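Okay, structure first, notes after.
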Amino acid sequence: MTARAQFAKMNGLGNEIIVADMRGRADRVLPAAAVALNADPATRFDQIMAIHDPRTPGTQNYVEIINSDGSMAQACGNGMRCVVQALAAENGRKRYTFETIAGILTAEEHADGLISVDMGVPRFGWKDIPLAEEFHDTRAIELQVGPIDDPVLHSPSVASMGNPHAIFWVDRDVWSYELDRFGPLLENHPIFPERANITIAQVTAPDAMTIRTWERGAGLTRACGSAACAAAVSGARTGRTGRKVTVTVPGGPLSIEWRDDDHVVMTGPAEWEFSGTFDPATGGWDRDRQDVA
């Protein structure tokens, strides 16, 4: 039987996160365990953030990110805020350098409890996103939903924040679109060989926008940090906004700044819900005694 690991159920603006402590272990959270945990209403999640021992000098931890369908994710900004809050509560450290499969990122917990994550440098080349065919200008690509002469959604901006994103710009309220119907089709569209996160974005001011996201491997979520970053940089890149914006997701507002050094910094809260132990192979779990009512 696999030795159990500690976990914390948390959220970042409603983006449901499990922070799994895999430090000091050689095993990983298996896809079957992720699927099992997600099937239980108490532990349903959008991403698991599995904290492993560092692999690279100068980093505190290697973090593996797992979607609710058991697939791997390259980035999860809301989840990273949860990781920082969990570790800071344990060791008092405020600044961290993590490694993920997408590369190195830094994060910091502020005195007010908000947490900033440097999400790195966005990429816009069609091969970097990646797309299945060449587009010279990824500020708007040829892709639409609905009739050719009257599409419901069309001409998304595409970008990579370590993971692929497509942002459809709309003039109406983002809740007036059936993203639960369009999302799965667009996520798996042939133009996206690694699938994609699909976002509907409405710019409400030069420094504000509202978005909803169908998250690759997780479905509709209340918050997707990398999507908020991708929407912010795409808004600036297309002249719709400036380089510092408040991005309102269904769970609340995130502050996104596309700095002059090209790094994208996301700032927002994280919230602890409960803790327990789980089997990384099967997903069987128990709540910690102090959390049992």
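Convention: chains lettered A, B, ... in structure tokens order; per-chain residue numbering from 1; ligands numbered from 1 as shown.
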If we count only C-alpha atoms and set the cut-off at 9 Å, which residues sit around Ile200 in chain A, ignoring sequence neighbours fewer than 6 positions away in its own chain? Please answer as a PyMOL selection string. chain A and resi 153+166-170+174+177+179+210-214+231
Give me the residues near range 20-34 of chain A as a PyMOL selection string, where near means some atom within 9 Å (using only C-alpha atoms) and where sequence neighbours in that chain fewer than 2 positions away do not count. chain A and resi 5-9+18+36-39+45+47-54+61+64+66-72+277-284
Within 9 Å of Glu109 in chain A using only C-alpha atoms, minus same-chain residues under 6 positions, as number ranges by chain: A: 81, 84-85, 88, 93-96, 115-117
Write down as a PyMOL selection string the residues belonging to range 28-240 of chain A that are assigned strand (DSSP E or B) by DSSP computed on the backbone. chain A and resi 47-52+61-67+72-73+95-100+103-109+115-118+123+144-145+153-154+157-160+164-169+197-205+208-215+219-221
Report as a PDB file with N, CA and C atoms, in the first residue's frame all protein, DNA and RNA residues lying within 8 Å of Pro122 in chain A, evaluated on only C-alpha atoms, omitting residues in the same chain fewer than 2 positions from it.
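The resulting file, selection.pdb, is reproduced below:
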ATOM      1  N   GLY A 120       6.016  34.741 -15.878  1.00  0.00           N
ATOM      2  CA  GLY A 120       6.991  34.634 -16.961  1.00  0.00           C
ATOM      3  C   GLY A 120       6.651  35.498 -18.151  1.00  0.00           C
ATOM      4  N   PHE A 124       4.033  34.497 -28.423  1.00  0.00           N
ATOM      5  CA  PHE A 124       2.993  34.739 -29.412  1.00  0.00           C
ATOM      6  C   PHE A 124       3.254  34.067 -30.754  1.00  0.00           C
ATOM      7  N   ALA A 159      -2.191  33.029 -27.508  1.00  0.00           N
ATOM      8  CA  ALA A 159      -0.931  33.273 -26.814  1.00  0.00           C
ATOM      9  C   ALA A 159      -0.603  32.071 -25.954  1.00  0.00           C
ATOM     10  N   SER A 160       0.644  31.994 -25.543  1.00  0.00           N
ATOM     11  CA  SER A 160       1.059  30.979 -24.590  1.00  0.00           C
ATOM     12  C   SER A 160       1.544  31.655 -23.316  1.00  0.00           C
ATOM     13  N   MET A 161       1.019  31.174 -22.175  1.00  0.00           N
ATOM     14  CA  MET A 161       1.537  31.565 -20.866  1.00  0.00           C
ATOM     15  C   MET A 161       2.198  30.342 -20.232  1.00  0.00           C
ATOM     16  N   GLY A 162       2.914  29.578 -21.071  1.00  0.00           N
ATOM     17  CA  GLY A 162       3.397  28.259 -20.672  1.00  0.00           C
ATOM     18  C   GLY A 162       2.406  27.196 -21.054  1.00  0.00           C
ATOM     19  N   ALA A 230      -3.175  35.728 -20.032  1.00  0.00           N
ATOM     20  CA  ALA A 230      -3.213  35.694 -21.495  1.00  0.00           C
ATOM     21  C   ALA A 230      -4.179  36.738 -22.039  1.00  0.00           C
ATOM     22  N   VAL A 233      -2.493  40.338 -21.560  1.00  0.00           N
ATOM     23  CA  VAL A 233      -1.446  40.683 -22.526  1.00  0.00           C
ATOM     24  C   VAL A 233      -2.027  40.808 -23.932  1.00  0.00           C
ATOM     25  N   ASP A 262       8.753  42.489 -19.909  1.00  0.00           N
ATOM     26  CA  ASP A 262       7.939  41.484 -20.594  1.00  0.00           C
ATOM     27  C   ASP A 262       7.368  40.416 -19.658  1.00  0.00           C
ATOM     28  N   HIS A 263       7.746  40.418 -18.390  1.00  0.00           N
ATOM     29  CA  HIS A 263       7.178  39.446 -17.459  1.00  0.00           C
ATOM     30  C   HIS A 263       5.767  39.853 -17.071  1.00  0.00           C
ATOM     31  N   VAL A 264       4.922  38.856 -16.868  1.00  0.00           N
ATOM     32  CA  VAL A 264       3.533  39.087 -16.468  1.00  0.00           C
ATOM     33  C   VAL A 264       3.392  38.706 -14.996  1.00  0.00           C
TER      34      VAL A 264
END
Can you pull out the residues contacting Gln60 in chain A? Cut-off 9 Å, using only C-alpha atoms, and skip same-chain residues under 2 positions away; I want them as a PyMOL selection string. chain A and resi 53-58+62+96-99
Go ahead and dump the residues you just picked, C-alpha atoms, as an mmCIF file, in the first residue's frame.
data_model
loop_
_atom_site.group_PDB
_atom_site.id
_atom_site.type_symbol
_atom_site.label_atom_id
_atom_site.label_comp_id
_atom_site.auth_asym_id
_atom_site.auth_seq_id
_atom_site.Cartn_x
_atom_site.Cartn_y
_atom_site.Cartn_z
ATOM 1 C CA ASP A 53 11.710 18.309 -3.645
ATOM 2 C CA PRO A 54 13.710 20.779 -5.774
ATOM 3 C CA ARG A 55 15.395 19.499 -8.920
ATOM 4 C CA THR A 56 17.339 22.647 -9.775
ATOM 5 C CA PRO A 57 19.736 24.615 -7.538
ATOM 6 C CA GLY A 58 18.296 27.965 -6.487
ATOM 7 C CA TYR A 62 9.484 21.453 -8.122
ATOM 8 C CA TYR A 96 9.794 31.583 -3.418
ATOM 9 C CA THR A 97 11.337 30.318 -6.623
ATOM 10 C CA PHE A 98 9.615 27.287 -8.114
ATOM 11 C CA GLU A 99 10.259 25.030 -11.078
#
